[in-house]
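Coordinates from target.txt are shown below (compact mmCIF, C-alpha atoms).
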# COMPACT_ATOMS: atom_id res chain seq x y z
CA MET A 1 10.15 -163.05 56.74
CA LYS A 2 12.92 -164.58 58.82
CA LYS A 3 10.55 -164.89 61.78
CA LYS A 4 8.00 -166.77 59.64
CA ILE A 5 10.65 -169.22 58.44
CA ILE A 6 11.71 -169.92 62.03
CA ILE A 7 8.09 -170.50 63.06
CA LEU A 8 7.56 -172.84 60.10
CA LEU A 9 10.69 -174.77 61.00
CA ILE A 10 9.56 -175.12 64.61
CA LEU A 11 6.10 -176.26 63.52
CA SER A 12 7.65 -178.76 61.11
CA ILE A 13 9.79 -180.26 63.86
CA PHE A 14 6.83 -180.62 66.22
CA THR A 15 4.69 -182.26 63.55
CA ILE A 16 7.31 -184.89 62.62
CA PRO A 17 5.87 -187.50 65.06
CA PHE A 18 2.42 -187.02 63.51
CA TRP A 19 3.74 -187.61 59.99
CA MET A 20 5.71 -190.64 61.19
CA TRP A 21 2.56 -192.10 62.73
CA LEU A 22 0.48 -191.28 59.63
CA ILE A 23 2.96 -192.95 57.24
CA TRP A 24 3.01 -196.03 59.49
CA ARG A 25 -0.77 -196.02 59.55
CA LEU A 26 -1.05 -195.83 55.76
CA GLU A 27 1.46 -198.58 55.05
CA GLY A 28 -0.02 -201.92 54.02
CA LYS A 29 -0.21 -204.81 56.46
CA LYS A 30 1.68 -208.06 55.87
CA GLU A 31 -0.08 -211.27 56.85
CA LEU A 32 2.10 -213.86 58.58
CA LYS A 33 0.82 -216.75 60.72
CA ILE A 34 3.19 -216.93 63.68
CA ALA A 35 3.22 -219.27 66.68
CA ILE A 36 4.92 -217.42 69.55
CA VAL A 37 5.75 -219.67 72.50
CA ASP A 38 6.41 -218.09 75.89
CA LYS A 39 6.16 -220.16 79.06
CA THR A 40 7.53 -217.46 81.40
CA VAL A 41 4.79 -214.82 81.57
CA LEU A 42 4.47 -213.53 85.13
CA THR A 43 2.40 -210.49 84.08
CA ARG A 44 0.30 -209.50 81.09
CA ASP A 45 3.12 -207.15 80.06
CA GLY A 46 4.69 -210.17 78.34
CA ASN A 47 8.26 -208.99 78.84
CA GLU A 48 9.77 -212.24 77.53
CA HIS A 49 8.25 -211.74 74.06
CA ARG A 50 7.91 -207.96 74.18
CA SER A 51 10.68 -207.12 71.70
CA PHE A 52 9.30 -209.49 69.07
CA ASN A 53 5.82 -207.97 69.32
CA TRP A 54 7.38 -204.52 68.91
CA VAL A 55 9.05 -205.57 65.66
CA LEU A 56 5.90 -207.27 64.37
CA THR A 57 3.81 -204.15 64.96
CA ASN A 58 6.39 -201.72 63.61
CA ARG A 59 6.90 -203.78 60.43
CA LYS A 60 3.09 -204.24 60.22
CA TYR A 61 3.04 -208.02 60.35
CA CYS A 62 -0.45 -209.13 61.24
CA LYS A 63 -2.56 -212.23 61.87
CA PRO A 64 -4.76 -213.79 59.16
CA ASP A 65 -7.71 -211.76 60.53
CA ARG A 66 -5.67 -208.59 59.77
CA GLU A 67 -5.35 -207.70 63.45
CA PHE A 68 -1.95 -207.08 65.00
CA TYR A 69 -0.48 -209.61 67.40
CA SER A 70 -1.52 -208.88 70.98
CA ILE A 71 1.27 -209.10 73.53
CA SER A 72 -1.13 -210.39 76.21
CA ASP A 73 -3.13 -212.90 74.15
CA ASP A 74 -1.44 -214.06 70.94
CA TYR A 75 1.07 -216.61 72.15
CA TYR A 76 1.19 -220.16 73.53
CA GLY A 77 2.22 -220.85 77.09
CA PHE A 78 1.35 -219.49 80.53
CA PHE A 79 -1.41 -216.90 80.91
CA PRO A 80 -1.64 -214.98 84.21
CA MET A 81 -5.02 -213.86 85.55
CA HIS A 82 -6.24 -211.91 88.60
CA ASP A 83 -5.76 -213.17 92.15
CA LYS A 84 -2.89 -215.49 91.21
CA LYS A 85 -5.09 -217.56 88.94
CA TYR A 86 -3.81 -218.66 85.56
CA TYR A 87 -4.50 -220.87 82.61
CA ILE A 88 -2.27 -222.69 80.14
CA ARG A 89 -2.75 -222.76 76.40
CA ASP A 90 -0.09 -224.67 74.52
CA PHE A 91 0.31 -227.61 72.16
CA ALA A 92 -0.24 -230.26 74.84
CA GLY A 93 -3.94 -230.48 74.01
CA PHE A 94 -3.30 -231.03 70.29
CA ASP A 95 -3.75 -234.55 68.95
CA SER A 96 -1.55 -235.65 66.03
CA THR A 97 -4.07 -234.51 63.40
CA LYS A 98 -4.55 -231.08 64.93
CA LEU A 99 -0.78 -230.62 65.32
CA VAL A 100 -0.22 -231.45 61.65
CA ASP A 101 -2.96 -229.04 60.61
CA PHE A 102 -1.51 -226.35 62.84
CA ALA A 103 1.99 -226.81 61.39
CA ASN A 104 0.56 -226.63 57.87
CA ALA A 105 -1.20 -223.34 58.67
CA THR A 106 1.73 -221.75 60.52
CA ASP A 107 4.40 -219.75 58.66
CA LEU A 108 6.96 -219.52 61.46
CA THR A 109 7.43 -220.20 65.15
CA TYR A 110 9.49 -218.32 67.73
CA PHE A 111 10.21 -219.97 71.08
CA THR A 112 11.06 -216.91 73.17
CA ASP A 113 11.25 -218.51 76.63
CA THR A 114 10.55 -221.91 78.19
CA TYR A 115 12.10 -221.29 81.63
CA GLY A 116 8.64 -221.36 83.12
CA ILE A 117 6.84 -220.24 86.27
CA TYR A 118 7.98 -221.22 89.76
CA TYR A 119 5.98 -221.33 92.96
CA LYS A 120 7.71 -218.59 94.96
CA GLU A 121 7.96 -216.20 91.99
CA TRP A 122 4.30 -216.65 91.14
CA PHE A 123 3.07 -216.14 94.68
CA GLY A 124 5.40 -213.20 95.35
CA GLU A 125 7.54 -214.94 97.93
CA ASN A 126 10.77 -214.86 95.95
CA PRO A 127 12.13 -211.30 95.59
CA ARG A 128 15.73 -212.43 95.09
CA GLY A 129 15.27 -215.42 92.82
CA ASP A 130 15.78 -218.35 95.18
CA TYR A 131 14.89 -221.87 94.02
CA SER A 132 11.33 -223.16 94.34
CA SER A 133 9.13 -225.84 92.80
CA LEU A 134 8.08 -225.61 89.15
CA ILE A 135 4.48 -224.80 88.30
CA TYR A 136 4.86 -224.93 84.53
CA GLY A 137 7.69 -224.76 82.00
CA GLY A 138 10.21 -226.50 79.79
CA MET A 139 10.05 -227.54 76.15
CA SER A 140 7.79 -230.58 75.87
CA GLU A 141 7.68 -233.64 73.63
CA THR A 142 4.73 -232.06 71.80
CA ASP A 143 6.74 -228.87 71.29
CA ILE A 144 9.63 -230.75 69.71
CA THR A 145 7.24 -232.73 67.51
CA PHE A 146 5.77 -229.45 66.28
CA ILE A 147 9.27 -228.05 65.64
CA LYS A 148 10.18 -231.17 63.65
CA MET A 149 7.10 -230.65 61.50
CA MET A 150 8.00 -227.00 60.92
CA LYS A 151 11.53 -227.95 59.92
CA ALA A 152 10.30 -230.70 57.56
CA LYS A 153 7.94 -228.22 55.90
CA HIS A 154 10.81 -225.71 55.47
CA LYS A 155 9.08 -223.24 57.81
CA LEU A 156 11.17 -220.75 59.78
CA VAL A 157 12.07 -221.75 63.35
CA ILE A 158 13.51 -219.15 65.74
CA SER A 159 14.46 -219.87 69.33
CA GLU A 160 16.67 -218.32 71.96
CA TYR A 161 18.28 -218.62 75.37
CA ASN A 162 16.69 -221.09 77.79
CA THR A 163 14.69 -222.91 75.13
CA ILE A 164 16.52 -226.16 75.90
CA ALA A 165 17.98 -225.43 79.35
CA SER A 166 16.31 -226.37 82.64
CA PRO A 167 13.53 -227.39 83.07
CA THR A 168 13.46 -228.88 79.55
CA PRO A 169 13.99 -232.68 79.82
CA GLY A 170 17.35 -233.95 78.60
CA SER A 171 15.73 -236.17 75.97
CA VAL A 172 13.94 -233.18 74.40
CA ARG A 173 17.11 -231.11 74.51
CA ASN A 174 19.03 -233.85 72.72
CA GLU A 175 16.40 -234.03 69.98
CA PHE A 176 16.55 -230.28 69.48
CA GLU A 177 20.36 -230.30 69.35
CA GLU A 178 20.42 -233.11 66.79
CA LEU A 179 17.73 -231.41 64.68
CA PHE A 180 19.67 -228.18 64.31
CA GLY A 181 23.34 -229.06 64.81
CA VAL A 182 23.83 -227.14 68.06
CA LYS A 183 25.11 -228.21 71.48
CA TRP A 184 24.56 -226.36 74.74
CA THR A 185 27.64 -226.64 76.96
CA GLY A 186 25.59 -226.40 80.14
CA TRP A 187 26.93 -222.91 80.87
CA ALA A 188 24.91 -219.71 81.13
CA GLY A 189 26.08 -216.29 82.25
CA ARG A 190 25.04 -212.75 83.00
CA TYR A 191 26.60 -209.37 83.64
CA PHE A 192 25.86 -207.70 86.99
CA GLU A 193 26.54 -204.02 87.54
CA LEU A 194 27.36 -204.61 91.20
CA LEU A 195 28.43 -207.90 92.82
CA ASP A 196 28.47 -206.46 96.34
CA THR A 197 25.71 -208.32 98.23
CA ILE A 198 25.30 -205.45 100.71
CA LYS A 199 24.77 -202.77 98.07
CA ASN A 200 22.97 -204.92 95.48
CA LYS A 201 19.93 -206.61 97.01
CA GLU A 202 18.85 -207.92 93.59
CA LEU A 203 21.64 -210.50 93.31
CA PRO A 204 20.04 -213.97 93.13
CA THR A 205 20.31 -215.76 96.44
CA TRP A 206 20.97 -219.11 94.76
CA LEU A 207 23.91 -217.63 92.83
CA VAL A 208 25.69 -216.28 95.90
CA ARG A 209 24.94 -219.38 97.98
CA GLY A 210 26.18 -221.71 95.23
CA TYR A 211 29.44 -219.81 94.78
CA LYS A 212 30.15 -219.68 98.51
CA ALA A 213 29.51 -223.40 98.89
CA GLN A 214 32.18 -224.09 96.25
CA HIS A 215 34.73 -221.43 97.26
CA ASN A 216 35.39 -221.77 101.00
CA ASN A 217 32.30 -219.74 101.96
CA LYS A 218 33.79 -216.61 100.35
CA TRP A 219 32.09 -213.91 98.27
CA SER A 220 34.49 -210.99 98.32
CA PHE A 221 33.36 -209.22 95.14
CA ARG A 222 32.76 -205.47 95.23
CA ASN A 223 32.82 -204.41 91.57
CA SER A 224 30.76 -205.29 88.53
CA GLY A 225 31.32 -208.61 86.79
CA ILE A 226 30.04 -211.63 84.90
CA ALA A 227 28.62 -214.62 86.74
CA PHE A 228 28.59 -218.06 85.12
CA VAL A 229 26.45 -220.98 86.25
CA ASN A 230 26.54 -224.54 84.95
CA GLU A 231 23.62 -226.96 84.90
CA SER A 232 25.70 -229.12 87.27
CA GLY A 233 25.47 -226.33 89.86
CA ARG A 234 29.02 -225.02 89.45
CA VAL A 235 29.26 -221.23 89.79
CA GLU A 236 32.18 -219.02 88.74
CA VAL A 237 32.54 -215.23 88.71
CA LEU A 238 34.78 -212.94 86.67
CA GLU A 239 35.11 -209.60 88.42
CA ASN A 240 35.85 -206.30 86.73
CA LYS A 241 39.47 -205.14 87.19
CA THR A 242 40.42 -208.41 88.89
CA ASP A 243 39.61 -210.72 85.97
CA LEU A 244 38.11 -208.50 83.27
CA VAL A 245 39.59 -205.80 81.06
CA ASP A 246 36.09 -204.80 79.88
CA GLU A 247 33.40 -205.31 82.50
CA VAL A 248 30.58 -206.34 80.14
CA PRO A 249 30.42 -208.95 77.34
CA PHE A 250 30.36 -207.64 73.77
CA ILE A 251 28.63 -209.02 70.71
CA VAL A 252 30.99 -208.75 67.74
CA THR A 253 29.86 -209.04 64.11
CA GLY A 254 32.01 -209.37 60.99
CA ALA A 255 31.74 -207.02 58.02
CA GLU A 256 29.65 -209.36 55.84
CA ASN A 257 26.97 -209.91 58.46
CA GLN A 258 27.02 -206.27 59.47
CA LYS A 259 25.97 -205.50 55.92
CA ARG A 260 23.44 -208.36 55.64
CA PHE A 261 21.56 -207.49 58.80
CA GLY A 262 22.42 -203.85 59.46
CA LEU A 263 24.29 -204.72 62.65
CA PRO A 264 27.01 -202.79 64.51
CA ALA A 265 30.55 -204.13 64.55
CA LYS A 266 30.46 -204.28 68.34
CA ILE A 267 27.83 -203.74 71.03
CA LYS A 268 27.64 -204.50 74.75
CA TYR A 269 25.29 -207.24 75.92
CA PRO A 270 24.53 -207.02 79.67
CA TYR A 271 21.88 -209.73 80.17
CA TRP A 272 21.54 -213.53 80.31
CA PHE A 273 23.33 -215.60 77.65
CA ASP A 274 24.34 -219.20 77.12
CA VAL A 275 27.45 -220.87 75.75
CA THR A 276 26.30 -222.95 72.78
CA LEU A 277 28.46 -224.74 70.23
CA THR A 278 27.47 -225.28 66.61
CA SER A 279 28.26 -227.68 63.80
CA ARG A 280 29.92 -226.57 60.56
CA SER A 281 26.56 -226.86 58.77
CA ASN A 282 25.48 -223.64 60.49
CA ASN A 283 26.59 -220.05 60.07
CA VAL A 284 27.63 -217.91 63.04
CA ILE A 285 26.34 -214.38 62.50
CA SER A 286 27.88 -212.86 65.63
CA VAL A 287 30.00 -213.93 68.59
CA TYR A 288 30.31 -213.01 72.25
CA GLN A 289 33.68 -211.61 73.23
CA ILE A 290 34.66 -211.46 76.90
CA ASN A 291 37.77 -209.36 77.30
CA CYS A 292 39.76 -210.86 80.18
CA ASN A 293 43.21 -210.53 81.64
CA SER A 294 45.33 -213.67 82.08
CA ARG A 295 43.60 -214.55 85.35
CA GLY A 296 40.18 -214.31 83.74
CA ASP A 297 41.36 -216.36 80.76
CA SER A 298 42.50 -219.14 83.06
CA ILE A 299 39.08 -219.25 84.78
CA LEU A 300 37.30 -219.51 81.42
CA SER A 301 39.74 -222.20 80.36
CA SER A 302 39.02 -224.21 83.52
CA MET A 303 35.33 -224.09 82.54
CA ASN A 304 36.12 -225.20 78.96
CA ILE A 305 34.43 -222.08 77.64
CA PRO A 306 35.81 -220.89 74.29
CA ASN A 307 36.31 -217.17 73.86
CA PRO A 308 34.83 -215.90 71.61
CA PHE A 309 31.72 -218.11 71.33
CA ALA A 310 28.54 -217.95 69.26
CA SER A 311 25.92 -215.28 69.86
CA VAL A 312 23.58 -215.90 66.89
CA ILE A 313 23.50 -219.16 64.94
CA GLU A 314 21.89 -219.42 61.52
CA HIS A 315 20.92 -222.13 59.08
CA TYR A 316 18.97 -220.61 56.22
CA ASP A 317 18.89 -222.86 53.17
CA SER A 318 16.57 -224.91 51.01
CA ASP A 319 16.59 -227.82 53.49
CA TYR A 320 15.44 -225.80 56.51
CA LYS A 321 15.48 -222.33 58.07
CA PHE A 322 16.59 -221.84 61.65
CA TYR A 323 18.00 -219.17 63.97
CA TYR A 324 19.18 -219.59 67.53
CA PHE A 325 19.84 -216.49 69.63
CA CYS A 326 22.27 -217.46 72.40
CA GLY A 327 20.88 -214.87 74.78
CA ASP A 328 17.68 -213.61 76.37
CA PHE A 329 17.31 -211.18 73.47
CA CYS A 330 13.54 -210.86 73.41
CA ASP A 331 13.24 -209.87 77.08
CA ASN A 332 13.74 -206.11 76.97
CA PRO A 333 11.84 -203.24 78.67
CA ILE A 334 11.20 -201.43 75.38
CA GLU A 335 8.24 -199.05 75.11
CA LEU A 336 5.62 -200.58 72.83
CA TRP A 337 3.98 -197.32 71.77
CA PHE A 338 7.14 -196.36 69.83
CA SER A 339 6.35 -199.23 67.45
CA LYS A 340 3.60 -197.27 65.68
CA PHE A 341 5.91 -194.68 64.15
CA TRP A 342 7.40 -195.15 60.70
CA GLY A 343 11.18 -194.68 60.66
CA ILE A 344 11.44 -194.49 64.46
CA THR A 345 14.67 -196.52 64.41
CA ALA A 346 16.43 -193.61 62.70
CA PHE A 347 15.69 -191.51 65.79
CA SER A 348 16.58 -194.16 68.35
CA GLY A 349 19.68 -192.25 69.42
CA LEU A 350 17.46 -189.36 70.52
CA LEU A 351 15.16 -191.50 72.66
CA PRO A 352 15.72 -191.48 76.44
CA THR A 353 17.78 -194.42 77.73
CA SER A 354 19.51 -195.15 81.01
CA LYS A 355 23.19 -194.24 81.31
CA GLU A 356 23.92 -197.39 83.30
CA THR A 357 26.11 -200.09 81.80
CA GLY A 358 23.37 -202.63 82.40
CA GLU A 359 20.74 -200.84 80.30
CA ARG A 360 19.34 -202.97 77.46
CA GLU A 361 17.42 -200.50 75.29
CA SER A 362 20.46 -199.71 73.15
CA PHE A 363 20.84 -203.42 72.40
CA PHE A 364 17.25 -203.53 71.15
CA TRP A 365 17.64 -200.52 68.83
CA SER A 366 21.10 -201.31 67.50
CA TYR A 367 21.01 -205.11 67.33
CA TYR A 368 17.75 -206.95 67.96
CA GLU A 369 15.49 -204.74 65.87
CA PRO A 370 17.60 -204.75 62.68
CA LEU A 371 18.41 -208.46 63.06
CA VAL A 372 14.83 -209.64 63.50
CA SER A 373 13.37 -207.16 61.01
CA THR A 374 15.80 -208.39 58.35
CA ILE A 375 15.03 -212.05 59.12
CA LEU A 376 11.27 -211.46 58.93
CA ASP A 377 11.39 -209.33 55.77
CA LYS A 378 13.59 -211.83 53.92
CA TYR A 379 11.39 -214.73 54.94
CA TYR A 380 8.16 -212.92 54.10
CA GLU A 381 9.45 -212.07 50.62
CA SER A 382 10.43 -215.71 50.06
CA LEU A 383 6.87 -216.82 50.87
CA ARG A 384 5.46 -214.45 48.26
CA ARG A 385 7.55 -215.85 45.42

Would you mind writing the file's structure down as structure tokens?
Amino acid sequence: MKKKIIILLILSIFTIPFWMWLIWRLEGKKELKIAIVDKTVLTRDGNEHRSFNWVLTNRKYCKPDREFYSISDDYYGFFPMHDKKYYIRDFAGFDSTKLVDFANATDLTYFTDTYGIYYKEWFGENPRGDYSSLIYGGMSETDITFIKMMKAKHKLVISEYNTIASPTPGSVRNEFEELFGVKWTGWAGRYFELLDTIKNKELPTWLVRGYKAQHNNKWSFRNSGIAFVNESGRVEVLENKTDLVDEVPFIVTGAENQKRFGLPAKIKYPYWFDVTLTSRSNNVISVYQINCNSRGDSILSSMNIPNPFASVIEHYDSDYKFYYFCGDFCDNPIELWFSKFWGITAFSGLLPTSKETGERESFFWSYYEPLVSTILDKYYESLRR
């Protein structure tokens, strides 16, 4: 009898994934017309909007034709093809009538990345991220006109890091900032696990060269750290142990927003972020906290960077609905096939992840997924009323 119980228990455990998939399969789909904009798609893997597609599939949000959103086809921006060929499908070809009709038919838009495609990256000549000429990118005048229409129609607008940074024209950036009560300081930053140029061949060439040009041709860093770059070209680095108490930035969330969105009180964030200010008309859901010693604090102060500073900005009211993620949140190497399992987030702690400080999967499971799922579910329910 005891042996049979053990066998049944083992069988039950091994069949859990099947039941999770079956429940997901049987759940009803939720139709939502979404305009995803991604102008930085080097491969059909769509890494820059990958996380959003994962959430859409897992929560069973679908297109009006009842099909799920395809990561390689269902977006607006740059589309890679074979043999370094490509095509562009965006709003530039829309006349005023078509743009109005499109805004009327669209429920929400998410600008995941407008950084764009550059010559050396596209043709494989740029393994370490040096500067090259722009092929395509930046938020356009047509984009901002579409966003204005969405705001006026009380449709949800989501955007994130690099939406209004280079190569977006300054005039378009100013319009965006005035529309939503935000102001980019010109600073962006990123954590690097190793700043040693000999041991870490992935450090961007332009970053090292820019720092050396401004600091007596010196780059003496050997530990991990956080690099900051300003649109003016200024580069500063906070090194672990020398300037930092904690080597990686943290996203910190207060109790109320933890409860609203199911977010952790504190989580590391080891990828690209920007320093964006917000007006009092907006709500700050979470903040970045960089834990420095006095030397690090003085460097941040010289850059006029507040600490903490906003990580997620929200304006969700009857006048308009808007979220700005002050980081490259959507770009995450998450496995898409996990999205077709009901309740998979409850098992996220059991899924294999890297032990390195720079891994980003834990950020997806603990922060991005609950944040975006909550935003979508709340918005979807409001449309049904």

Stretch 331-375 of chain A residues near stretch 158-165 of chain A within 12 Å, closest pair each, using all atoms listed in the file, as a tab-separated table:
residue	atom	partner	partner_atom	distance
A:Asp331	CA	A:Tyr161	CA	10.2
A:Val372	CA	A:Ile158	CA	9.9
A:Ile375	CA	A:Ile158	CA	9.8

Q. Using only C-alpha atoms, which of A:Asn58, A:Ser298, A:Ser51, A:Thr114 sits nearest A:Tyr76?
A.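 Checking each of A:Asn58, A:Ser298, A:Ser51, A:Thr114 against A:Tyr76, counting only C-alpha atoms, the winner is A:Thr114.
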
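The nearest approach to A:Ala105 among the residues A:Trp342, A:Phe146, A:Trp184, A:Phe250, with all atoms listed in the file taken into account, belongs to A:Phe146.
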
Q.
For A:Trp24, find every residue with an atom within 8 Å (counting only C-alpha atoms), except residues of its own chain fewer than 2 positions away, and show them as a PyMOL selection string.
A. chain A and resi 20-22+26-27+58+340-342

Mind dumping a table of every stretch 266-344 of chain A residue within 12 Å of stretch 255-261 of chain A, with the nearest atom pair and its distance in Å to one decimal, using all atoms listed in the file, sorted by chain and rising number, as CSV?
residue,atom,partner,partner_atom,distance
A:Lys266,CA,A:Gln258,CA,9.7
A:Ile267,CA,A:Gln258,CA,11.9
A:Asn283,CA,A:Asn257,CA,10.3
A:Val284,CA,A:Asn257,CA,9.2
A:Ile285,CA,A:Asn257,CA,6.1
A:Ser286,CA,A:Asn257,CA,7.8
A:Val287,CA,A:Asn257,CA,11.3
A:Val312,CA,A:Asn257,CA,10.9
A:Ile313,CA,A:Asn257,CA,11.8
A:Glu314,CA,A:Asn257,CA,11.2

Please, could you write that set of residues out with C-alpha atoms as a JSON list (two decimals), keeping the file's coordinate frame?
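Output below, filename selection.json:
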[["chain", "number", "residue", "atom", "x", "y", "z"],
["A", 266, "LYS", "CA", 30.46, -204.28, 68.34],
["A", 267, "ILE", "CA", 27.83, -203.74, 71.03],
["A", 283, "ASN", "CA", 26.59, -220.05, 60.07],
["A", 284, "VAL", "CA", 27.63, -217.91, 63.04],
["A", 285, "ILE", "CA", 26.34, -214.38, 62.50],
["A", 286, "SER", "CA", 27.88, -212.86, 65.63],
["A", 287, "VAL", "CA", 30.00, -213.93, 68.59],
["A", 312, "VAL", "CA", 23.58, -215.90, 66.89],
["A", 313, "ILE", "CA", 23.50, -219.16, 64.94],
["A", 314, "GLU", "CA", 21.89, -219.42, 61.52]]

Q: Extract, using all atoms listed in the file, all DNA, RNA and protein residues at most 7 Å from A:Lys321, discarding same-chain residues fewer than 2 positions from it, and format them as a PyMOL selection string.
A: chain A and resi 154-157+315-317

Q) In Å to one decimal, how far is atom CA of A:Pro64 from atom CA of A:Ser96? A)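 A separation of 23.1 Å between them.
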
Q: Can you work out which one of A:Lys201, A:Trp219, A:Pro17, A:Gly116 has the shortest atom-to-atom distance to A:Glu48, counting only C-alpha atoms?
A: A:Gly116

Q) For A:Asp38, which residue out of A:Glu231, A:Asp101, A:Asp65, A:Asp113 is the nearest one, using all atoms listed in the file? A) A:Asp113

Q. What's the 7 Å shell around A:Leu194, counting all atoms listed in the file, without same-chain residues fewer than 6 positions away, as a VMD selection string?
A. chain A and resid 200 222 to 224

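Interatomic distance, atom CA of A:Asp328 to atom CA of A:Lys199: 25.3 Å.
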
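What separates atom CA of A:Lys218 from atom CA of A:Arg234 is a distance of 14.6 Å.
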
Q | Contact residues around A:Ile299 with only C-alpha atoms at 10 Å, ignoring same-chain residues under 5 positions, as a list in words | A |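 Once the adjacent positions are removed, what remains is Glu236, Val237, Leu238, Asp243, Cys292, Ser294, Asn304 and Ile305 of chain A.
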
Q: Please determine the residues with any atom at most 10 Å from (5.0, -218.6, 81.7) (coordinates as given in the file, with all atoms listed in the file counting) and report them as a VMD selection string.
A: chain A and resid 37 to 43 46 48 76 to 80 86 to 88 113 to 118 122 135 to 138

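With all atoms listed in the file as the basis for measurement, A:Phe221 is the residue among A:Phe338, A:Val208, A:Phe221, A:Glu175 that approaches A:Asp196 most closely.
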
Around the point (-3.7, -210.1, 77.9), in the coordinates given by the file, pick out the residues reaching within 6 Å, counting only C-alpha atoms, and return them as a CSV table (one decimal) with C-alpha atoms, keeping the file's coordinate frame.
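That gives us part.csv:
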chain,number,residue,atom,x,y,z
A,44,ARG,CA,0.3,-209.5,81.1
A,72,SER,CA,-1.1,-210.4,76.2
A,73,ASP,CA,-3.1,-212.9,74.2

Q.
Using only C-alpha atoms, can you tell me which of A:Tyr320, A:Phe309, A:Trp206, A:Tyr191 comes closest to A:Trp272?
A. A:Tyr191

**Q.** Selection: 6 Å around stretch 178-182 of chain A, all atoms listed in the file, excl. self and same-chain fewer than 5 positions, as a list of chain:residue names
**A.**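 Near stretch 178-182 of chain A, the qualifying residues are A:Leu277, A:Thr278, A:Ser279.
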
For stretch 238-252 of chain A, which lacks atoms in the input, supply N, CA and C atoms and format the output as a PDB file, in the frame of the given file.
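Writing done, so here's selection04.pdb:
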ATOM      1  N   LEU A 238      33.686-213.770  87.163  1.00  0.00           N
ATOM      2  CA  LEU A 238      34.780-212.940  86.670  1.00  0.00           C
ATOM      3  C   LEU A 238      34.482-211.504  87.083  1.00  0.00           C
ATOM      4  N   GLU A 239      35.346-210.941  87.892  1.00  0.00           N
ATOM      5  CA  GLU A 239      35.110-209.600  88.420  1.00  0.00           C
ATOM      6  C   GLU A 239      35.855-208.553  87.608  1.00  0.00           C
ATOM      7  N   ASN A 240      35.206-207.405  87.422  1.00  0.00           N
ATOM      8  CA  ASN A 240      35.850-206.300  86.730  1.00  0.00           C
ATOM      9  C   ASN A 240      37.114-205.857  87.476  1.00  0.00           C
ATOM     10  N   LYS A 241      38.147-205.570  86.708  1.00  0.00           N
ATOM     11  CA  LYS A 241      39.470-205.140  87.190  1.00  0.00           C
ATOM     12  C   LYS A 241      40.310-206.299  87.722  1.00  0.00           C
ATOM     13  N   THR A 242      39.666-207.256  88.392  1.00  0.00           N
ATOM     14  CA  THR A 242      40.420-208.410  88.890  1.00  0.00           C
ATOM     15  C   THR A 242      40.632-209.446  87.794  1.00  0.00           C
ATOM     16  N   ASP A 243      39.562-209.702  87.022  1.00  0.00           N
ATOM     17  CA  ASP A 243      39.610-210.720  85.970  1.00  0.00           C
ATOM     18  C   ASP A 243      39.299-210.171  84.576  1.00  0.00           C
ATOM     19  N   LEU A 244      38.624-209.029  84.534  1.00  0.00           N
ATOM     20  CA  LEU A 244      38.110-208.500  83.270  1.00  0.00           C
ATOM     21  C   LEU A 244      38.793-207.187  82.885  1.00  0.00           C
ATOM     22  N   VAL A 245      39.094-207.062  81.609  1.00  0.00           N
ATOM     23  CA  VAL A 245      39.590-205.800  81.060  1.00  0.00           C
ATOM     24  C   VAL A 245      38.394-204.903  80.730  1.00  0.00           C
ATOM     25  N   ASP A 246      37.364-205.484  80.107  1.00  0.00           N
ATOM     26  CA  ASP A 246      36.090-204.800  79.880  1.00  0.00           C
ATOM     27  C   ASP A 246      35.046-205.486  80.747  1.00  0.00           C
ATOM     28  N   GLU A 247      34.283-204.714  81.498  1.00  0.00           N
ATOM     29  CA  GLU A 247      33.400-205.310  82.500  1.00  0.00           C
ATOM     30  C   GLU A 247      32.214-206.071  81.931  1.00  0.00           C
ATOM     31  N   VAL A 248      31.795-205.769  80.708  1.00  0.00           N
ATOM     32  CA  VAL A 248      30.580-206.340  80.140  1.00  0.00           C
ATOM     33  C   VAL A 248      30.917-207.142  78.886  1.00  0.00           C
ATOM     34  N   PRO A 249      30.190-208.231  78.599  1.00  0.00           N
ATOM     35  CA  PRO A 249      30.420-208.950  77.340  1.00  0.00           C
ATOM     36  C   PRO A 249      30.039-208.085  76.139  1.00  0.00           C
ATOM     37  N   PHE A 250      30.705-208.329  75.022  1.00  0.00           N
ATOM     38  CA  PHE A 250      30.360-207.640  73.770  1.00  0.00           C
ATOM     39  C   PHE A 250      29.919-208.663  72.739  1.00  0.00           C
ATOM     40  N   ILE A 251      28.991-208.233  71.886  1.00  0.00           N
ATOM     41  CA  ILE A 251      28.630-209.020  70.710  1.00  0.00           C
ATOM     42  C   ILE A 251      29.360-208.395  69.532  1.00  0.00           C
ATOM     43  N   VAL A 252      30.145-209.222  68.848  1.00  0.00           N
ATOM     44  CA  VAL A 252      30.990-208.750  67.740  1.00  0.00           C
ATOM     45  C   VAL A 252      30.499-209.399  66.440  1.00  0.00           C
TER      46      VAL A 252
END
